[in-house]
Amino acid sequence: MAAVSSAAHVGKGRRQFVGLVWTKAFSVSCRHRQKKKWAATRPRISSTRLALQNFDMNYSVQFGSLWPSIRISLLSEQKYGALFNNFSDIQRMTQELECLNAVDFIWESQKVVQDLNSAAGQQASKPAVSTGTLAVPAESQAQPHPCLSTLISPNIRCYIFPKGDISLFPPARPDTLGILGYYLLDAASVLPVLALNVQPGDLVLDLCAAPGGKTLALLQTGCCRELAANDVSISRTGRLNRVLRSYIPPNICDIVRITSWDGRKWGDLEANTYDRVLVDVPCTNDRHSVMEEDNNIFKNMRKGERQMLPMLQLELLIAGILAAKPGGEVVYSTCSLSQLQNECVVERAVELLNIQYNIDVHVEDLSIFRRLFQDTFSFFPNCRLGELVVPHLTSNFGPMYFCKLRRVG
């Protein structure tokens, strides 16, 4: 009887052991299946990779044989410029930047104007040229170019390292008053401010101002009677405030009015008010999108926002033009290569303003910028409207699109 009891006990123990093993095996199996399920719900592709795939599909058509060069440049380290702060210790900062072998690319462009005028003078001294049955005076073929100060916003200085030099600027140091000497930014982002051609006494609006590089450049002109700097994001206007406090003396800050309004409504809020308007709109920010996961507009959760970008850009540009006085000038800019966000937005805005508001808008010719700054930037030669700086390994600035419009009526 004892033997039977002992055998029963052993059998029961074996069943418990087998049950325990089976339970653990089932648990492990379930756990692995669950992990597999979790893995299936995770993003299968990073935002940067999704952006690159999108660009490969679209930009290979838009740029053709140029796209491989632009692509590798986008994926390489960006080059920066040092926007000179005229409110700092000018002599000390000039010496420091020149000791780094950096050059002011805007000042260097003066030589281009001189060369163009010299060539125009030589051409004018030649006799008339026969073209079929008409004799065309040589002076009509090559007109001298106006002074640089009549073409671009004055007093802006931006230092860069020469082509092929990938040196980095050290962080700016404050002077005795605590003012920083220069602001690091993509040097191409200065071009929209130069194109705005701010003149003394102008009332200026920066409709999408944060984080503040272009606002700071506008203040360097010394021409703004008042500068309205707006950004819909309160956190971004907070950053704009910090930038201005670090670079601008308090008495200059008094001419800046910072707001966090919806820029699309500016045409209703302050119509027919400003001499100059800068509309640097939110965009796909192409370089950031292929390099950084943080705040990437190609995240799955931001798909709807990305698809609505051209509409947002259109509404902002129309609002900016409505805010300008008749005869006022507006510069539209993005840091995207996309035609849908660049030329197409400009074309549609001009069309809608004429149809809905009976306002004529003239798109200005900015081809002079290609000649002035061809030694600094790589320009795409086939823009229908405006100008586009494309990244290039020897001069890895951009992308930066900018187009100038004049409100006629």
# chains A, B, ... in the order shown; residues from 1 in each chain; ligands from 1

call {"tool": "residues_around", "arguments": {"residues": "region 314-328 of chain A", "least_positions_apart": "5", "cutoff": "8 Å", "atoms": "only C-alpha atoms", "output": "list in words"}}
result
Leu207, Gly263, Arg264, Lys265, Trp266, Gly267, Asp268, Glu270, Ala271, Asn272, Thr273, Tyr274, Asp275, Arg276, Val277, Leu278, Val279, Val281, Val345, Val346, Arg348, Ala349, Leu353, Arg406, Arg407, Val408 and Gly409 of chain A

call {"tool": "select_by_dssp", "arguments": {"residues": "region 156-214 of chain A", "states": "alpha helix (DSSP H)", "output": "PyMOL selection string"}}
result
chain A and resi 191-196+213-214

call {"tool": "write_last_selection", "arguments": {"atoms": "N, CA, C and O atoms", "output": "PDB file, in the first residue's frame"}}
result
ATOM      1  N   LEU A 191      19.998  86.198 -47.739  1.00  0.00           N
ATOM      2  CA  LEU A 191      19.614  86.696 -49.076  1.00  0.00           C
ATOM      3  C   LEU A 191      18.191  87.259 -49.133  1.00  0.00           C
ATOM      4  O   LEU A 191      17.975  88.299 -49.767  1.00  0.00           O
ATOM      5  N   PRO A 192      17.173  86.625 -48.516  1.00  0.00           N
ATOM      6  CA  PRO A 192      15.841  87.238 -48.548  1.00  0.00           C
ATOM      7  C   PRO A 192      15.810  88.626 -47.903  1.00  0.00           C
ATOM      8  O   PRO A 192      15.082  89.508 -48.377  1.00  0.00           O
ATOM      9  N   VAL A 193      16.595  88.811 -46.859  1.00  0.00           N
ATOM     10  CA  VAL A 193      16.640  90.126 -46.202  1.00  0.00           C
ATOM     11  C   VAL A 193      17.327  91.138 -47.110  1.00  0.00           C
ATOM     12  O   VAL A 193      16.893  92.294 -47.215  1.00  0.00           O
ATOM     13  N   LEU A 194      18.396  90.727 -47.783  1.00  0.00           N
ATOM     14  CA  LEU A 194      19.050  91.621 -48.740  1.00  0.00           C
ATOM     15  C   LEU A 194      18.094  91.994 -49.871  1.00  0.00           C
ATOM     16  O   LEU A 194      18.039  93.153 -50.297  1.00  0.00           O
ATOM     17  N   ALA A 195      17.338  91.017 -50.345  1.00  0.00           N
ATOM     18  CA  ALA A 195      16.411  91.261 -51.460  1.00  0.00           C
ATOM     19  C   ALA A 195      15.283  92.211 -51.062  1.00  0.00           C
ATOM     20  O   ALA A 195      14.726  92.899 -51.924  1.00  0.00           O
ATOM     21  N   LEU A 196      14.960  92.270 -49.787  1.00  0.00           N
ATOM     22  CA  LEU A 196      13.869  93.143 -49.337  1.00  0.00           C
ATOM     23  C   LEU A 196      14.217  94.612 -49.512  1.00  0.00           C
ATOM     24  O   LEU A 196      13.328  95.471 -49.606  1.00  0.00           O
ATOM     25  N   GLY A 213      16.937  84.883 -36.760  1.00  0.00           N
ATOM     26  CA  GLY A 213      18.085  85.260 -37.570  1.00  0.00           C
ATOM     27  C   GLY A 213      17.780  86.358 -38.569  1.00  0.00           C
ATOM     28  O   GLY A 213      18.539  87.327 -38.710  1.00  0.00           O
ATOM     29  N   LYS A 214      16.668  86.242 -39.279  1.00  0.00           N
ATOM     30  CA  LYS A 214      16.317  87.261 -40.279  1.00  0.00           C
ATOM     31  C   LYS A 214      15.850  88.552 -39.613  1.00  0.00           C
ATOM     32  O   LYS A 214      16.094  89.647 -40.128  1.00  0.00           O
TER      33      LYS A 214
END

call {"tool": "atom_distance", "arguments": {"atom1": "CA of Ser378 (chain A)", "atom2": "CA of Tyr80 (chain A)"}}
result
14.5 Å

call {"tool": "closest_residue", "arguments": {"among": "A:Leu366, A:Val243, A:Met291, A:Val198", "to": "Leu184 (chain A)", "atoms": "only C-alpha atoms"}}
result
A:Val243

call {"tool": "atom_distance", "arguments": {"atom1": "CA of Ile355 (chain A)", "atom2": "CA of Pro310 (chain A)"}}
result
19.1 Å

call {"tool": "atom_distance", "arguments": {"atom1": "CA of His288 (chain A)", "atom2": "CA of Tyr247 (chain A)"}}
result
25.2 Å

call {"tool": "closest_atom_pairs", "arguments": {"of": "region 152-246 of chain A", "to": "region 386-402 of chain A", "cutoff": "12 Å", "atoms": "only C-alpha atoms", "output": "JSON lines"}}
result
{"residue": "A:Ile160", "atom": "CA", "partner": "A:Ser395", "partner_atom": "CA", "distance": 10.0}
{"residue": "A:Phe161", "atom": "CA", "partner": "A:Ser395", "partner_atom": "CA", "distance": 9.3}
{"residue": "A:Pro162", "atom": "CA", "partner": "A:Ser395", "partner_atom": "CA", "distance": 8.2}
{"residue": "A:Lys163", "atom": "CA", "partner": "A:Thr394", "partner_atom": "CA", "distance": 5.3}
{"residue": "A:Gly164", "atom": "CA", "partner": "A:Thr394", "partner_atom": "CA", "distance": 4.6}
{"residue": "A:Asp165", "atom": "CA", "partner": "A:Thr394", "partner_atom": "CA", "distance": 7.8}
{"residue": "A:Ile166", "atom": "CA", "partner": "A:Thr394", "partner_atom": "CA", "distance": 8.6}
{"residue": "A:Ser167", "atom": "CA", "partner": "A:Ser395", "partner_atom": "CA", "distance": 11.9}
{"residue": "A:Leu185", "atom": "CA", "partner": "A:Phe397", "partner_atom": "CA", "distance": 9.7}
{"residue": "A:Asp186", "atom": "CA", "partner": "A:Phe397", "partner_atom": "CA", "distance": 6.1}
{"residue": "A:Ala187", "atom": "CA", "partner": "A:Phe397", "partner_atom": "CA", "distance": 6.6}
{"residue": "A:Ala188", "atom": "CA", "partner": "A:Gly398", "partner_atom": "CA", "distance": 5.8}
{"residue": "A:Ser189", "atom": "CA", "partner": "A:Met400", "partner_atom": "CA", "distance": 6.5}
{"residue": "A:Val190", "atom": "CA", "partner": "A:Met400", "partner_atom": "CA", "distance": 9.5}
{"residue": "A:Leu191", "atom": "CA", "partner": "A:Phe402", "partner_atom": "CA", "distance": 7.6}
{"residue": "A:Pro192", "atom": "CA", "partner": "A:Phe402", "partner_atom": "CA", "distance": 5.7}
{"residue": "A:Val193", "atom": "CA", "partner": "A:Phe402", "partner_atom": "CA", "distance": 9.4}
{"residue": "A:Leu194", "atom": "CA", "partner": "A:Phe402", "partner_atom": "CA", "distance": 10.4}
{"residue": "A:Ala195", "atom": "CA", "partner": "A:Phe402", "partner_atom": "CA", "distance": 8.2}
{"residue": "A:Leu196", "atom": "CA", "partner": "A:Phe402", "partner_atom": "CA", "distance": 9.9}
